[in-house]
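Engineer: Have a peek at run08.cif (mmCIF, C-alpha atoms).
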```cif
data_structure
loop_
_atom_site.label_atom_id
_atom_site.label_comp_id
_atom_site.auth_asym_id
_atom_site.auth_seq_id
_atom_site.Cartn_x
_atom_site.Cartn_y
_atom_site.Cartn_z
CA MET D 108 85.22 119.84 114.86
CA TRP D 109 83.26 116.65 114.12
CA PRO D 110 83.38 116.86 110.27
CA LEU D 111 87.17 117.03 110.49
CA ALA D 112 87.20 114.08 112.86
CA LEU D 113 85.05 112.04 110.51
CA ALA D 114 87.29 112.89 107.57
CA ILE D 115 90.38 111.66 109.38
CA LEU D 116 88.68 108.58 110.78
CA LEU D 117 87.16 107.39 107.54
CA ALA D 118 89.40 108.61 104.75
CA THR D 119 91.83 106.14 103.25
CA THR D 120 94.89 106.16 101.08
CA LEU D 121 94.12 105.61 97.41
CA PRO D 122 97.16 103.62 96.29
CA SER D 123 98.96 103.94 93.00
CA THR D 124 97.35 101.55 90.59
CA ALA D 125 97.92 100.02 87.19
CA ASP D 126 96.34 101.56 84.12
CA GLU D 127 93.09 99.64 84.49
CA PHE D 128 92.48 101.38 87.82
CA SER D 129 93.25 104.90 86.66
CA ASP D 130 89.69 105.86 85.72
CA ALA D 131 88.30 104.46 88.96
CA LYS D 132 90.96 106.21 90.99
CA ARG D 133 90.25 109.54 89.32
CA ALA D 134 86.54 109.06 89.97
CA LEU D 135 87.19 108.38 93.66
CA HIS D 136 89.37 111.45 94.02
CA ALA D 137 86.57 113.45 92.38
CA LEU D 138 84.09 111.94 94.89
CA GLN D 139 82.26 110.25 91.99
CA TYR D 140 81.66 107.03 93.87
CA ARG D 141 78.83 105.77 91.68
CA LYS D 142 81.06 106.15 88.64
CA ALA D 143 83.90 104.25 90.30
CA ILE D 144 81.81 101.29 91.47
CA PRO D 145 81.09 99.72 88.03
CA LEU D 146 84.71 100.25 87.02
CA LEU D 147 85.98 98.38 90.08
CA GLN D 148 83.33 95.66 90.27
CA PRO D 149 84.67 93.26 87.59
CA LEU D 150 88.23 93.57 88.87
CA ALA D 151 87.09 92.93 92.44
CA GLU D 152 85.08 89.92 91.34
CA ARG D 153 88.23 88.49 89.74
CA GLY D 154 89.86 88.60 93.16
CA ASP D 155 92.07 91.68 92.92
CA ALA D 156 92.57 92.81 96.53
CA ARG D 157 93.32 96.40 95.54
CA ALA D 158 90.06 96.65 93.59
CA GLN D 159 88.16 95.01 96.45
CA HIS D 160 89.61 97.56 98.85
CA LEU D 161 88.70 100.51 96.63
CA LEU D 162 85.24 99.07 95.97
CA GLY D 163 84.65 98.78 99.71
CA PHE D 164 85.86 102.36 100.09
CA ALA D 165 83.48 103.52 97.34
CA TYR D 166 80.51 101.80 98.97
CA MET D 167 81.41 103.36 102.33
CA PHE D 168 81.07 106.82 100.85
CA ALA D 169 78.53 106.33 98.05
CA THR D 170 75.44 107.55 99.92
CA GLY D 171 76.33 107.00 103.54
CA ILE D 172 77.54 104.09 105.63
CA LYS D 173 74.15 102.92 106.85
CA LYS D 174 72.77 102.26 103.36
CA TRP D 175 75.79 100.51 101.89
CA GLU D 176 77.57 99.14 104.95
CA LYS D 177 76.95 95.47 104.07
CA LEU D 178 78.46 95.81 100.60
CA ALA D 179 81.36 97.87 101.95
CA GLN D 180 81.99 95.29 104.66
CA TYR D 181 81.73 92.41 102.17
CA TRP D 182 84.40 93.75 99.82
CA LEU D 183 86.72 94.95 102.55
CA MET D 184 86.53 91.53 104.17
CA LYS D 185 87.42 89.96 100.81
CA ALA D 186 90.52 92.14 100.53
CA ALA D 187 91.42 91.74 104.21
CA ALA D 188 91.25 87.95 103.78
CA GLN D 189 94.08 88.38 101.28
CA ASP D 190 96.04 90.22 103.98
CA TYR D 191 95.84 93.53 102.13
CA THR D 192 96.83 96.01 104.81
CA PRO D 193 94.89 99.13 103.70
CA ALA D 194 91.71 97.04 103.60
CA ILE D 195 92.36 95.63 107.07
CA GLY D 196 92.63 99.14 108.50
CA LEU D 197 89.62 100.47 106.63
CA LEU D 198 87.52 97.47 107.65
CA GLY D 199 88.43 98.22 111.26
CA ARG D 200 87.23 101.80 110.89
CA LEU D 201 84.01 100.67 109.25
CA LEU D 202 83.30 98.19 112.05
CA ILE D 203 83.83 100.89 114.67
CA GLU D 204 81.34 103.12 112.84
CA ILE D 205 78.83 100.27 112.59
CA ASP D 206 79.24 98.99 116.15
CA ARG D 207 79.88 102.31 117.92
CA THR D 208 82.36 100.33 119.98
CA PRO D 209 85.99 99.42 119.21
CA THR D 210 85.67 95.74 120.15
CA ARG D 211 85.82 94.33 116.61
CA GLY D 212 87.38 97.18 114.71
CA LEU D 213 90.22 98.42 116.88
CA PRO D 214 92.37 95.25 116.67
CA LEU D 215 92.21 95.49 112.87
CA ILE D 216 93.26 99.14 112.82
CA GLU D 217 96.11 98.32 115.20
CA ILE D 218 97.37 95.65 112.80
CA ALA D 219 97.42 98.18 109.96
CA VAL D 220 99.09 100.79 112.19
CA ARG D 221 101.86 98.36 113.12
CA ARG D 222 102.39 97.63 109.44
CA GLY D 223 102.80 101.33 108.74
CA ASP D 224 99.55 102.09 106.90
CA PRO D 225 99.34 105.91 106.98
CA ALA D 226 95.55 106.07 106.69
CA SER D 227 95.21 103.87 109.76
CA GLN D 228 97.86 105.87 111.62
CA ALA D 229 95.96 109.09 110.91
CA ALA D 230 92.65 107.46 111.87
CA MET D 231 94.03 106.30 115.20
CA GLY D 232 95.55 109.74 115.72
CA GLY D 233 92.13 111.27 115.18
CA MET D 234 90.44 108.86 117.58
CA TYR D 235 92.97 109.54 120.33
CA MET D 236 92.54 113.28 119.78
CA ILE D 237 88.75 113.41 120.11
CA GLY D 238 88.10 110.30 122.17
CA TYR D 239 85.80 107.65 120.81
CA PRO D 240 83.56 104.95 122.26
CA GLY D 241 85.95 102.86 124.34
CA ILE D 242 89.02 104.87 123.22
CA PRO D 243 90.20 107.54 125.71
CA VAL D 244 91.69 110.86 124.71
CA ASP D 245 95.48 110.65 124.57
CA MET D 246 96.96 113.70 122.89
CA GLU D 247 100.55 112.44 122.88
CA LYS D 248 99.62 109.17 121.17
CA SER D 249 97.53 111.19 118.75
CA LYS D 250 100.45 113.46 117.88
CA ARG D 251 102.89 110.56 117.43
CA LEU D 252 100.56 108.70 115.08
CA LEU D 253 99.75 111.78 113.04
CA HIS D 254 103.46 112.48 112.61
CA LEU D 255 104.03 108.90 111.43
CA ALA D 256 101.36 109.41 108.77
CA ALA D 257 102.66 112.85 107.83
CA ASP D 258 106.16 111.45 107.37
CA GLN D 259 104.67 109.23 104.65
CA LYS D 260 103.14 112.35 103.07
CA TYR D 261 99.60 111.28 103.87
CA ASP D 262 97.84 114.58 103.41
CA LEU D 263 95.02 114.13 105.90
CA ALA D 264 97.73 113.93 108.55
CA TYR D 265 98.60 117.56 107.81
CA LEU D 266 95.01 118.47 108.59
CA GLY D 267 95.17 116.37 111.74
CA LEU D 268 98.33 118.08 112.94
CA ALA D 269 96.93 121.55 112.25
CA TRP D 270 93.86 120.55 114.22
CA TRP D 271 95.99 119.04 117.01
CA HIS D 272 98.02 122.21 117.50
CA ALA D 273 94.88 124.37 117.34
CA THR D 274 93.37 122.43 120.25
CA PRO D 275 94.01 123.65 123.84
CA ARG D 276 95.43 120.77 125.89
CA GLY D 277 96.61 120.33 129.45
CA GLY D 278 96.13 123.99 130.25
CA LYS D 279 98.29 125.04 127.29
CA ASN D 280 97.16 127.46 124.62
CA PRO D 281 97.06 126.48 120.94
CA ASP D 282 100.40 126.66 119.11
CA TYR D 283 99.45 128.74 116.10
CA VAL D 284 102.99 128.75 114.68
CA GLU D 285 102.72 124.98 114.29
CA VAL D 286 99.17 125.30 112.98
CA LEU D 287 100.35 127.61 110.21
CA LYS D 288 103.34 125.36 109.50
CA TRP D 289 101.03 122.44 108.68
CA VAL D 290 98.68 124.66 106.69
CA ILE D 291 101.67 125.68 104.56
CA VAL D 292 102.85 122.08 104.13
CA ASP D 293 99.34 121.03 103.15
CA ALA D 294 99.04 123.87 100.65
CA ARG D 295 102.37 122.85 99.11
CA ILE D 296 101.98 119.06 98.76
CA GLY D 297 98.54 118.16 100.12
CA ARG D 298 94.95 118.67 99.07
CA LYS D 299 94.46 121.91 101.02
CA PHE D 300 92.21 120.31 103.64
CA ALA D 301 94.05 122.28 106.34
CA GLU D 302 93.23 125.66 104.75
CA THR D 303 90.32 125.99 107.16
CA TYR D 304 92.88 126.78 109.88
CA ARG D 305 94.85 129.45 107.98
CA ASN D 306 92.86 132.51 109.03
CA ARG D 307 92.56 131.30 112.61
CA ALA D 308 96.33 130.99 112.82
CA LEU D 309 97.03 134.34 111.13
CA GLU D 310 94.72 136.13 113.57
CA HIS D 311 97.01 135.08 116.43
CA LEU D 312 100.46 135.57 114.87
CA ASN D 313 102.75 138.52 114.33
CA LYS D 314 105.19 138.92 111.43
CA ASP D 315 108.04 137.17 113.20
CA GLN D 316 105.85 134.22 114.14
CA ILE D 317 104.55 133.92 110.58
CA ALA D 318 108.13 133.92 109.33
CA GLU D 319 108.98 131.18 111.85
CA ALA D 320 106.04 129.06 110.65
CA LYS D 321 107.26 129.44 107.06
CA ARG D 322 110.79 128.48 108.13
CA ARG D 323 109.55 125.34 109.90
CA ALA D 324 107.40 124.36 106.93
CA ALA D 325 110.31 124.82 104.54
CA ALA D 326 112.57 122.72 106.78
CA TRP D 327 110.00 119.93 106.95
CA LEU D 328 109.45 119.93 103.20
CA LYS D 329 113.18 119.86 102.50
CA ALA D 330 113.71 117.01 104.97
CA HIS D 331 111.02 115.03 103.15
CA GLY D 332 112.42 115.53 99.67
CA GLU D 333 110.17 118.38 98.61
CA THR D 334 111.00 121.81 97.26
CA PRO D 335 109.88 124.42 99.83
#
```
Mind converting the file's structure to structure tokens?

Structural biologist:
Amino acid sequence: MWPLALAILLATTLPSTADEFSDAKRALHALQYRKAIPLLQPLAERGDARAQHLLGFAYMFATGIKKWEKLAQYWLMKAAAQDYTPAIGLLGRLLIEIDRTPTRGLPLIEIAVRRGDPASQAAMGGMYMIGYPGIPVDMEKSKRLLHLAADQKYDLAYLGLAWWHATPRGGKNPDYVEVLKWVIVDARIGRKFAETYRNRALEHLNKDQIAEAKRRAAAWLKAHGETP
């Protein structure tokens, strides 16, 4: 489970950007962090908080946090100082990874969560699901936060919800109808991160249950302005 946890904890929303950011954004989505860095650097140096945020994100993932953490922290702090919410949340997550304690980072993530940042909501949902240094497991808080992020169509939240429902909790068995529902939603409007749960769900469902999962997915998509 840990790779999925790390994905939810560290991944961030890449916001819509003006034309000058388009190449950098495409590079980040393609995981080409070294290509994105020189594209973002001059914009970040001119004080653009969005570029500073994305540059910090790129350094976080370029070759691992330990090697580039100081540069990532530097640029995220620059953007956070301009009160740029996604950077505040991502800085909080970076500090938790660096410190292995929530003392410095958690208050920052909580600010971003209160402001409605979906990446921070999903990150907190992931932390409450797996437990983290100084953060106890709380499955209900996890579910609520993941739903808040999913309602903003943050695709890692679909993965988080599939994972949540695939996890036994409080003596209850996994709910594979809900697992398949979120796999279907993710396949329709996400990046297919939840596909890893498809076969597991199908192994436990009959035809009627599969049909119910499809019905729930279609209802969710329709309620969120998407064509089922």

Engineer: On this structure, which residues satisfy the PyMOL selection byres ((chain D and resi 211) around 12), written as a PyMOL selection string?

Structural biologist: chain D and resi 195-196+198-210+212-217+241

Engineer: Which of these, D:Val284, D:Arg133, D:Leu253, D:Gly277, has the shortest distance to Ala320 in chain D once you count all atoms listed in the file?

Structural biologist: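 Of the candidates, the smallest distance to Ala320 in chain D is held by D:Val284.
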
Engineer: With all atoms listed in the file counted and 12 Å as the cut-off, give the residues of range 259-322 of chain D in contact with range 219-225 of chain D, each with its shortest interatomic distance in Å and the pair that gives it, as a Markdown table.

Structural biologist:
```
| residue | atom | partner | partner_atom | distance |
| --- | --- | --- | --- | --- |
| D:Gln259 | CA | D:Pro225 | CA | 6.7 |
| D:Lys260 | CA | D:Pro225 | CA | 8.4 |
| D:Tyr261 | CA | D:Pro225 | CA | 6.2 |
| D:Asp262 | CA | D:Pro225 | CA | 9.5 |
| D:Leu263 | CA | D:Pro225 | CA | 9.3 |
| D:Ala264 | CA | D:Pro225 | CA | 8.3 |
| D:Tyr265 | CA | D:Pro225 | CA | 11.7 |
```

Engineer: Taking the file as shown, what set of residues would the PyMOL selection byres ((chain D and resi 321) around 12) give back, as a PyMOL selection string?

Structural biologist: chain D and resi 283-292+294-295+314-320+322-328+335

Engineer: With C-alpha atoms retained, write the just-selected residues as a compact mmCIF listing (two decimals), keeping the file's coordinate frame.

Structural biologist:
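Written output follows (out-v2.txt):
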```txt
# COMPACT_ATOMS: atom_id res chain seq x y z
CA TYR D 283 99.45 128.74 116.10
CA VAL D 284 102.99 128.75 114.68
CA GLU D 285 102.72 124.98 114.29
CA VAL D 286 99.17 125.30 112.98
CA LEU D 287 100.35 127.61 110.21
CA LYS D 288 103.34 125.36 109.50
CA TRP D 289 101.03 122.44 108.68
CA VAL D 290 98.68 124.66 106.69
CA ILE D 291 101.67 125.68 104.56
CA VAL D 292 102.85 122.08 104.13
CA ALA D 294 99.04 123.87 100.65
CA ARG D 295 102.37 122.85 99.11
CA LYS D 314 105.19 138.92 111.43
CA ASP D 315 108.04 137.17 113.20
CA GLN D 316 105.85 134.22 114.14
CA ILE D 317 104.55 133.92 110.58
CA ALA D 318 108.13 133.92 109.33
CA GLU D 319 108.98 131.18 111.85
CA ALA D 320 106.04 129.06 110.65
CA ARG D 322 110.79 128.48 108.13
CA ARG D 323 109.55 125.34 109.90
CA ALA D 324 107.40 124.36 106.93
CA ALA D 325 110.31 124.82 104.54
CA ALA D 326 112.57 122.72 106.78
CA TRP D 327 110.00 119.93 106.95
CA LEU D 328 109.45 119.93 103.20
CA PRO D 335 109.88 124.42 99.83
```

Engineer: Please compute the CA of Gly232 in chain D-CA of Ala143 in chain D distance, one decimal, in Å.

Structural biologist: 28.5 Å

Engineer: Evaluating the PyMOL selection byres ((chain D and resi 150-165) around 6) on the displayed file yields which residues, as a tab-separated table (two decimals) with C-alpha atoms, in the frame of the given file?

Structural biologist:
```tsv
chain	number	residue	atom	x	y	z
D	140	TYR	CA	81.66	107.03	93.87
D	147	LEU	CA	85.98	98.38	90.08
D	148	GLN	CA	83.33	95.66	90.27
D	149	PRO	CA	84.67	93.26	87.59
D	166	TYR	CA	80.51	101.80	98.97
D	167	MET	CA	81.41	103.36	102.33
D	168	PHE	CA	81.07	106.82	100.85
D	169	ALA	CA	78.53	106.33	98.05
D	179	ALA	CA	81.36	97.87	101.95
D	182	TRP	CA	84.40	93.75	99.82
D	183	LEU	CA	86.72	94.95	102.55
D	186	ALA	CA	90.52	92.14	100.53
D	194	ALA	CA	91.71	97.04	103.60
```

Engineer: Mind pulling up the distance from CA of Glu302 in chain D to CA of Thr192 in chain D?

Structural biologist: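 For CA of Thr192 in chain D relative to CA of Glu302 in chain D, the distance reads 29.9 Å.
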
Engineer: Which one is closest to Leu266 in chain D: D:Thr303, D:Gln180, D:Gln189, D:Gln139? Count all atoms listed in the file.

Structural biologist: D:Thr303

Engineer: Could you jot down the CA of Ser227 in chain D to CA of Leu197 in chain D separation for me, Å, one decimal place?

Structural biologist: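 That distance, rounded to one decimal, is 7.3 Å.
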
Engineer: Return the single residue from D:Ala301, D:Ile218, D:Ala269, D:Ile144 that is closest to Pro193 in chain D, with distances computed using all atoms listed in the file.

Structural biologist: D:Ile218

Engineer: Need the neighbours of (93.5, 121.7, 115.7): which residues are at most 10 Å away, counting all atoms listed in the file, as a PDB file with C-alpha atoms, in the frame of the given file?

Structural biologist:
```
ATOM      1  CA  MET D 108      85.220 119.840 114.860  1.00  0.00           C
ATOM      2  CA  LEU D 111      87.170 117.030 110.490  1.00  0.00           C
ATOM      3  CA  MET D 236      92.540 113.280 119.780  1.00  0.00           C
ATOM      4  CA  LEU D 266      95.010 118.470 108.590  1.00  0.00           C
ATOM      5  CA  GLY D 267      95.170 116.370 111.740  1.00  0.00           C
ATOM      6  CA  LEU D 268      98.330 118.080 112.940  1.00  0.00           C
ATOM      7  CA  ALA D 269      96.930 121.550 112.250  1.00  0.00           C
ATOM      8  CA  TRP D 270      93.860 120.550 114.220  1.00  0.00           C
ATOM      9  CA  TRP D 271      95.990 119.040 117.010  1.00  0.00           C
ATOM     10  CA  HIS D 272      98.020 122.210 117.500  1.00  0.00           C
ATOM     11  CA  ALA D 273      94.880 124.370 117.340  1.00  0.00           C
ATOM     12  CA  THR D 274      93.370 122.430 120.250  1.00  0.00           C
ATOM     13  CA  PRO D 275      94.010 123.650 123.840  1.00  0.00           C
ATOM     14  CA  PRO D 281      97.060 126.480 120.940  1.00  0.00           C
ATOM     15  CA  ASP D 282     100.400 126.660 119.110  1.00  0.00           C
ATOM     16  CA  TYR D 283      99.450 128.740 116.100  1.00  0.00           C
ATOM     17  CA  GLU D 285     102.720 124.980 114.290  1.00  0.00           C
ATOM     18  CA  VAL D 286      99.170 125.300 112.980  1.00  0.00           C
ATOM     19  CA  ALA D 301      94.050 122.280 106.340  1.00  0.00           C
ATOM     20  CA  TYR D 304      92.880 126.780 109.880  1.00  0.00           C
TER      21      TYR D 304
END
```

Engineer: Which of these residues is nearest to Thr334 in chain D, using all atoms listed in the file: D:Arg305, D:Glu310, D:Lys185, D:Ile296?

Structural biologist: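 Of D:Arg305, D:Glu310, D:Lys185, D:Ile296, the one nearest Thr334 in chain D, counting all atoms listed in the file, is D:Ile296.
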
Engineer: Pick from D:Ala137, D:Ala330, D:Leu252, D:Met184: nearest to Arg298 in chain D, with all atoms listed in the file counted?

Structural biologist: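 Of the candidates, the smallest distance to Arg298 in chain D is held by D:Ala137.
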
Engineer: Axis-aligned box over every listed atom of range 314-330 of chain D, padded by 4 Å per side: centre and edges in Å to one decimal, as JSON?

Structural biologist:
```
{"center_x": 109.1, "center_y": 128.0, "center_z": 108.3, "size_x": 17.2, "size_y": 29.9, "size_z": 19.6}
```
